[in-house]
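Engineer: Here's a structure for you.
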Amino acid sequence: MEFEEIFNRVNSEKIYLTSVRSDEVKDLNAVIKYSEKIYKRIYLAGFSVGGATSIIAAADSEKIAKMIAVSAPSDFKKIENHWWKKEAWLPTIKKCEPKVWMSIRAGKIFSKKLKPVEQIEKVTCPTLFIAGEKDPTVCEWHTKLLYDKATCEKKFVEFKECFHAEDLYLQEHDKFMKICTEWLFV
């Protein structure tokens with residue numbers, strides 16, 4: 001199955017349960033461990049908190065072949081105040097996705113979370129960092145900082161005039177798919 005087919009299938013499932021929990025890394029590590037039994041190569045692609053979670057999981061795994069981190073925050077505490085600003089909600093409102101509005105939850109906000117910026121130097125797999133220039137939720141500097149601190153093979157791509165996470169895919173679909181596909185399969 002091609003990358004775009006996989007992405008579109010996952011995106012079309014409309015699974016909207018979003019949270020920031022310390023358990024997400026444990027969950028992803030379980031998926032990686034299970035995947036090792038089935039696949040020769042494991043690729044990670046994470047959007048926003050999923051990008052941060054992927055970085056933290058990849059820091060402790062030699063099994064990841066390549067990774068894509070889209071709009072990944074460098075530190076969870078530095079973005080939590082941005083989530084509730086109207087500018088962060090405008091793209092969601094424009095897409096008219098009420099399920100998204102109602103499904104975002106804070107999770108275990110007081111639990112200790114690893115900081116992606118403190119884990120990125122341990123990542124050994126080639127990593128593509130993607131950020132939107134006008135991201136109101138995770139400002140571009142977060143992803144750029146992660147890129148700057150990464151010691152692995154890496155690439156940074158900025159999407160001009162674009163917003164947060166999946167909005168990059170929606171706003172610049174062809175460019176997004178081309179960059180990701182070339183990164184993973186060339």
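Each chain in the structure tokens gets a letter, A, B and so on, in the order shown; residues start at 1 in every chain, and ligands are counted from 1 in the order they appear.
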Quick one: everything within 6 Å of region 28-45 of chain A, counting only C-alpha atoms, minus sequence neighbours fewer than 4 positions away in the same chain. Send it as number ranges by chain.
Structural biologist: A: 64-69
Engineer: Could the residues in this selection be written to a file with N, CA, C and O atoms, as a PDB file, in the first residue's frame?
Structural biologist:
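Okay, this is what ended up in selection-v8.pdb:
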```pdb
ATOM      1  N   ILE A  64      13.522   1.989  14.437  1.00  0.00           N
ATOM      2  CA  ILE A  64      12.839   2.923  13.555  1.00  0.00           C
ATOM      3  C   ILE A  64      13.741   3.219  12.355  1.00  0.00           C
ATOM      4  O   ILE A  64      14.870   3.674  12.512  1.00  0.00           O
ATOM      5  N   ALA A  65      13.211   2.984  11.139  1.00  0.00           N
ATOM      6  CA  ALA A  65      13.988   3.217   9.921  1.00  0.00           C
ATOM      7  C   ALA A  65      14.030   4.705   9.566  1.00  0.00           C
ATOM      8  O   ALA A  65      15.087   5.238   9.235  1.00  0.00           O
ATOM      9  N   LYS A  66      12.887   5.361   9.618  1.00  0.00           N
ATOM     10  CA  LYS A  66      12.789   6.794   9.337  1.00  0.00           C
ATOM     11  C   LYS A  66      11.603   7.364  10.101  1.00  0.00           C
ATOM     12  O   LYS A  66      10.687   6.636  10.476  1.00  0.00           O
ATOM     13  N   MET A  67      11.634   8.698  10.258  1.00  0.00           N
ATOM     14  CA  MET A  67      10.562   9.345  11.014  1.00  0.00           C
ATOM     15  C   MET A  67      10.218  10.684  10.365  1.00  0.00           C
ATOM     16  O   MET A  67      11.081  11.360   9.809  1.00  0.00           O
ATOM     17  N   ILE A  68       8.930  11.052  10.479  1.00  0.00           N
ATOM     18  CA  ILE A  68       8.450  12.371  10.069  1.00  0.00           C
ATOM     19  C   ILE A  68       7.744  12.986  11.275  1.00  0.00           C
ATOM     20  O   ILE A  68       6.835  12.386  11.836  1.00  0.00           O
ATOM     21  N   ALA A  69       8.185  14.183  11.668  1.00  0.00           N
ATOM     22  CA  ALA A  69       7.571  14.906  12.790  1.00  0.00           C
ATOM     23  C   ALA A  69       6.977  16.199  12.241  1.00  0.00           C
ATOM     24  O   ALA A  69       7.704  17.081  11.786  1.00  0.00           O
TER      25      ALA A  69
END
```
Engineer: Hey, what's within 10 Å of Phe185 (chain A) if we count only C-alpha atoms and toss same-chain stuff fewer than 2 positions away? As a list in words, please?
Structural biologist: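 So, after excluding close chain neighbours, the residues are Phe3, Lys66, Cys180, Thr181, Glu182 and Trp183 of chain A.
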Engineer: Could you write out the selected residues, including N, CA and C atoms, as an mmCIF file, in the first residue's frame?
Structural biologist:
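Below is the file that was written, part.cif:
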```
data_model
loop_
_atom_site.group_PDB
_atom_site.id
_atom_site.type_symbol
_atom_site.label_atom_id
_atom_site.label_comp_id
_atom_site.auth_asym_id
_atom_site.auth_seq_id
_atom_site.Cartn_x
_atom_site.Cartn_y
_atom_site.Cartn_z
ATOM 1 N N PHE A 3 2.090 5.191 0.542
ATOM 2 C CA PHE A 3 2.023 6.088 1.693
ATOM 3 C C PHE A 3 0.740 6.913 1.681
ATOM 4 N N LYS A 66 12.887 5.361 9.618
ATOM 5 C CA LYS A 66 12.789 6.794 9.337
ATOM 6 C C LYS A 66 11.603 7.364 10.101
ATOM 7 N N CYS A 180 6.911 14.028 1.818
ATOM 8 C CA CYS A 180 6.899 12.857 2.708
ATOM 9 C C CYS A 180 7.255 11.579 1.952
ATOM 10 N N THR A 181 6.692 11.401 0.780
ATOM 11 C CA THR A 181 6.964 10.195 -0.003
ATOM 12 C C THR A 181 8.439 10.131 -0.396
ATOM 13 N N GLU A 182 8.985 11.240 -0.859
ATOM 14 C CA GLU A 182 10.404 11.254 -1.218
ATOM 15 C C GLU A 182 11.282 10.963 -0.002
ATOM 16 N N TRP A 183 10.909 11.500 1.143
ATOM 17 C CA TRP A 183 11.711 11.263 2.352
ATOM 18 C C TRP A 183 11.715 9.785 2.727
#
```
Engineer: So, counting only C-alpha atoms, which residue among A:Cys125, A:Ile79, A:Val25, A:Val117 is closest to Glu62 (chain A)?
Structural biologist: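 Result for the nearest residue to Glu62 (chain A): A:Cys125.
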Engineer: Compile the contact shell of region 143-159 of chain A as a tab-separated table (two decimals) with N, CA, C and O atoms, in the first residue's frame: residues with an atom at most 10 Å away, counting only C-alpha atoms, same-chain residues fewer than 3 positions apart removed.
Structural biologist:
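The resulting file, selection_8.tsv, is reproduced below:
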```
chain	number	residue	atom	x	y	z
A	48	SER	N	1.82	16.96	15.50
A	48	SER	CA	1.66	17.71	16.75
A	48	SER	C	2.15	16.87	17.94
A	48	SER	O	3.32	16.49	17.98
A	51	GLY	N	3.84	13.85	16.88
A	51	GLY	CA	5.22	14.05	16.46
A	51	GLY	C	6.17	14.05	17.65
A	51	GLY	O	7.25	13.44	17.61
A	52	ALA	N	5.76	14.71	18.72
A	52	ALA	CA	6.56	14.72	19.95
A	52	ALA	C	6.66	13.31	20.53
A	52	ALA	O	7.73	12.88	20.97
A	55	ILE	N	9.11	11.26	18.56
A	55	ILE	CA	10.50	11.61	18.89
A	55	ILE	C	10.93	10.93	20.18
A	55	ILE	O	12.01	10.33	20.25
A	66	LYS	N	12.89	5.36	9.62
A	66	LYS	CA	12.79	6.79	9.34
A	66	LYS	C	11.60	7.36	10.10
A	66	LYS	O	10.69	6.64	10.48
A	67	MET	N	11.63	8.70	10.26
A	67	MET	CA	10.56	9.35	11.01
A	67	MET	C	10.22	10.68	10.37
A	67	MET	O	11.08	11.36	9.81
A	68	ILE	N	8.93	11.05	10.48
A	68	ILE	CA	8.45	12.37	10.07
A	68	ILE	C	7.74	12.99	11.27
A	68	ILE	O	6.84	12.39	11.84
A	69	ALA	N	8.19	14.18	11.67
A	69	ALA	CA	7.57	14.91	12.79
A	69	ALA	C	6.98	16.20	12.24
A	69	ALA	O	7.70	17.08	11.79
A	70	VAL	N	5.65	16.29	12.26
A	70	VAL	CA	4.94	17.44	11.71
A	70	VAL	C	4.40	18.30	12.86
A	70	VAL	O	3.68	17.80	13.72
A	71	SER	N	4.79	19.55	12.87
A	71	SER	CA	4.33	20.50	13.91
A	71	SER	C	4.58	19.97	15.32
A	71	SER	O	3.75	20.12	16.22
A	72	ALA	N	5.72	19.36	15.53
A	72	ALA	CA	6.04	18.75	16.82
A	72	ALA	C	6.48	19.82	17.84
A	72	ALA	O	7.35	20.63	17.54
A	73	PRO	N	5.90	19.80	19.03
A	73	PRO	CA	6.34	20.72	20.07
A	73	PRO	C	7.66	20.27	20.69
A	73	PRO	O	7.92	19.08	20.83
A	74	SER	N	8.48	21.23	21.08
A	74	SER	CA	9.75	20.91	21.72
A	74	SER	C	9.57	20.62	23.20
A	74	SER	O	10.36	19.92	23.81
A	75	ASP	N	8.52	21.19	23.78
A	75	ASP	CA	8.26	21.07	25.21
A	75	ASP	C	6.76	21.25	25.41
A	75	ASP	O	6.20	22.28	25.03
A	116	PRO	N	10.51	16.55	24.38
A	116	PRO	CA	11.12	16.14	23.11
A	116	PRO	C	12.47	16.80	22.87
A	116	PRO	O	13.39	16.16	22.36
A	117	VAL	N	12.62	18.06	23.25
A	117	VAL	CA	13.88	18.77	23.03
A	117	VAL	C	15.04	18.13	23.81
A	117	VAL	O	16.19	18.24	23.41
A	118	GLU	N	14.73	17.45	24.90
A	118	GLU	CA	15.76	16.77	25.68
A	118	GLU	C	16.01	15.34	25.20
A	118	GLU	O	16.96	14.70	25.64
A	119	GLN	N	15.17	14.84	24.31
A	119	GLN	CA	15.30	13.47	23.80
A	119	GLN	C	15.84	13.42	22.37
A	119	GLN	O	16.36	12.41	21.95
A	120	ILE	N	15.70	14.51	21.63
A	120	ILE	CA	15.98	14.49	20.19
A	120	ILE	C	17.43	14.11	19.86
A	120	ILE	O	17.67	13.46	18.84
A	121	GLU	N	18.37	14.45	20.70
A	121	GLU	CA	19.77	14.10	20.42
A	121	GLU	C	20.01	12.60	20.46
A	121	GLU	O	20.99	12.12	19.90
A	122	LYS	N	19.12	11.84	21.08
A	122	LYS	CA	19.25	10.37	21.15
A	122	LYS	C	18.65	9.67	19.93
A	122	LYS	O	18.87	8.49	19.74
A	123	VAL	N	17.90	10.42	19.12
A	123	VAL	CA	17.27	9.83	17.93
A	123	VAL	C	18.35	9.55	16.89
A	123	VAL	O	19.13	10.44	16.55
A	124	THR	N	18.38	8.32	16.38
A	124	THR	CA	19.40	7.94	15.39
A	124	THR	C	18.83	7.77	13.99
A	124	THR	O	19.58	7.76	13.02
A	125	CYS	N	17.52	7.64	13.87
A	125	CYS	CA	16.94	7.42	12.54
A	125	CYS	C	16.83	8.75	11.78
A	125	CYS	O	16.66	9.81	12.39
A	126	PRO	N	16.93	8.70	10.46
A	126	PRO	CA	16.74	9.92	9.66
A	126	PRO	C	15.36	10.51	9.96
A	126	PRO	O	14.36	9.79	9.99
A	127	THR	N	15.32	11.82	10.17
A	127	THR	CA	14.09	12.48	10.60
A	127	THR	C	13.80	13.70	9.75
A	127	THR	O	14.65	14.57	9.57
A	128	LEU	N	12.56	13.76	9.26
A	128	LEU	CA	12.05	14.90	8.51
A	128	LEU	C	11.20	15.73	9.46
A	128	LEU	O	10.27	15.21	10.09
A	129	PHE	N	11.53	17.00	9.59
A	129	PHE	CA	10.77	17.93	10.44
A	129	PHE	C	9.99	18.86	9.52
A	129	PHE	O	10.57	19.48	8.62
A	130	ILE	N	8.68	18.97	9.76
A	130	ILE	CA	7.83	19.83	8.95
A	130	ILE	C	7.07	20.78	9.88
A	130	ILE	O	6.55	20.35	10.91
A	131	ALA	N	7.01	22.06	9.50
A	131	ALA	CA	6.31	23.05	10.31
A	131	ALA	C	5.58	24.05	9.42
A	131	ALA	O	6.02	24.32	8.30
A	132	GLY	N	4.49	24.58	9.93
A	132	GLY	CA	3.75	25.63	9.25
A	132	GLY	C	4.20	27.00	9.74
A	132	GLY	O	4.29	27.22	10.95
A	133	GLU	N	4.46	27.87	8.82
A	133	GLU	CA	4.93	29.22	9.16
A	133	GLU	C	3.94	29.97	10.07
A	133	GLU	O	4.33	30.71	10.95
A	134	LYS	N	2.66	29.75	9.88
A	134	LYS	CA	1.63	30.49	10.62
A	134	LYS	C	0.91	29.61	11.65
A	134	LYS	O	-0.25	29.84	11.96
A	135	ASP	N	1.60	28.63	12.17
A	135	ASP	CA	1.00	27.70	13.13
A	135	ASP	C	0.69	28.42	14.44
A	135	ASP	O	1.59	28.89	15.13
A	138	VAL	N	1.38	25.20	17.75
A	138	VAL	CA	2.77	24.89	18.04
A	138	VAL	C	3.58	25.76	17.10
A	138	VAL	O	3.77	25.44	15.93
A	139	CYS	N	4.03	26.89	17.62
A	139	CYS	CA	4.75	27.85	16.78
A	139	CYS	C	5.94	27.16	16.11
A	139	CYS	O	6.54	26.23	16.66
A	140	GLU	N	6.24	27.63	14.93
A	140	GLU	CA	7.28	27.02	14.10
A	140	GLU	C	8.61	26.85	14.83
A	140	GLU	O	9.35	25.89	14.58
A	162	CYS	N	1.00	28.44	6.04
A	162	CYS	CA	0.21	27.28	6.48
A	162	CYS	C	0.15	27.21	8.00
A	162	CYS	O	0.97	27.80	8.69
A	163	PHE	N	-0.82	26.41	8.50
A	163	PHE	CA	-1.10	26.36	9.91
A	163	PHE	C	-0.51	25.13	10.60
A	163	PHE	O	0.66	24.85	10.46
A	164	HIS	N	-1.33	24.40	11.30
A	164	HIS	CA	-0.89	23.37	12.23
A	164	HIS	C	-1.19	21.95	11.75
A	164	HIS	O	-2.28	21.68	11.25
A	168	LEU	N	-1.46	21.36	7.27
A	168	LEU	CA	-0.42	21.42	6.24
A	168	LEU	C	-0.76	20.49	5.09
A	168	LEU	O	-0.62	20.84	3.92
A	169	TYR	N	-1.22	19.30	5.43
A	169	TYR	CA	-1.65	18.33	4.43
A	169	TYR	C	-2.85	18.86	3.66
A	169	TYR	O	-2.93	18.74	2.44
A	171	GLN	N	-3.87	22.06	3.33
A	171	GLN	CA	-3.61	23.31	2.62
A	171	GLN	C	-2.68	23.12	1.43
A	171	GLN	O	-2.79	23.84	0.44
A	172	GLU	N	-1.73	22.21	1.54
A	172	GLU	CA	-0.73	22.00	0.48
A	172	GLU	C	-0.58	20.50	0.22
A	172	GLU	O	0.52	19.95	0.30
A	175	LYS	N	2.21	19.10	-2.33
A	175	LYS	CA	3.56	19.37	-1.81
A	175	LYS	C	3.86	18.48	-0.61
A	175	LYS	O	4.93	17.89	-0.51
A	176	PHE	N	2.89	18.39	0.31
A	176	PHE	CA	3.07	17.58	1.51
A	176	PHE	C	3.34	16.11	1.15
A	176	PHE	O	4.28	15.50	1.65
A	179	ILE	N	6.86	15.61	-0.55
A	179	ILE	CA	7.98	15.71	0.41
A	179	ILE	C	8.05	14.45	1.28
A	179	ILE	O	9.12	13.88	1.48
A	183	TRP	N	10.91	11.50	1.14
A	183	TRP	CA	11.71	11.26	2.35
A	183	TRP	C	11.71	9.78	2.73
A	183	TRP	O	12.76	9.22	3.04
```
Engineer: Work out how far apart CA of Phe76 (chain A) and CA of Ala58 (chain A) are and give it in Å to one decimal.
Structural biologist: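 That distance, rounded to one decimal, is 17.2 Å.
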Engineer: DSSP says strand (DSSP E or B) for which residues of region 19-48 of chain A? Put them as a PyMOL selection string?
Structural biologist: chain A and resi 42-47
Engineer: Got time to write the residues from that selection, C-alpha atoms, as a PDB file, in the first residue's frame?
Structural biologist:
```pdb
ATOM      1  CA  ILE A  42       9.199   0.668  10.832  1.00  0.00           C
ATOM      2  CA  TYR A  43       8.419   4.259   9.885  1.00  0.00           C
ATOM      3  CA  LEU A  44       6.935   6.757  12.304  1.00  0.00           C
ATOM      4  CA  ALA A  45       4.919   9.809  11.268  1.00  0.00           C
ATOM      5  CA  GLY A  46       3.394  11.975  13.946  1.00  0.00           C
ATOM      6  CA  PHE A  47       1.417  15.193  13.886  1.00  0.00           C
TER       7      PHE A  47
END
```
Engineer: Have a look at A:Lys26, A:Lys178, A:Lys160, A:Lys115 and name the one nearest to Lys78 (chain A); count only C-alpha atoms.
Structural biologist: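 Looking only at the distances to Lys78 (chain A), the closest residue turns out to be A:Lys115.
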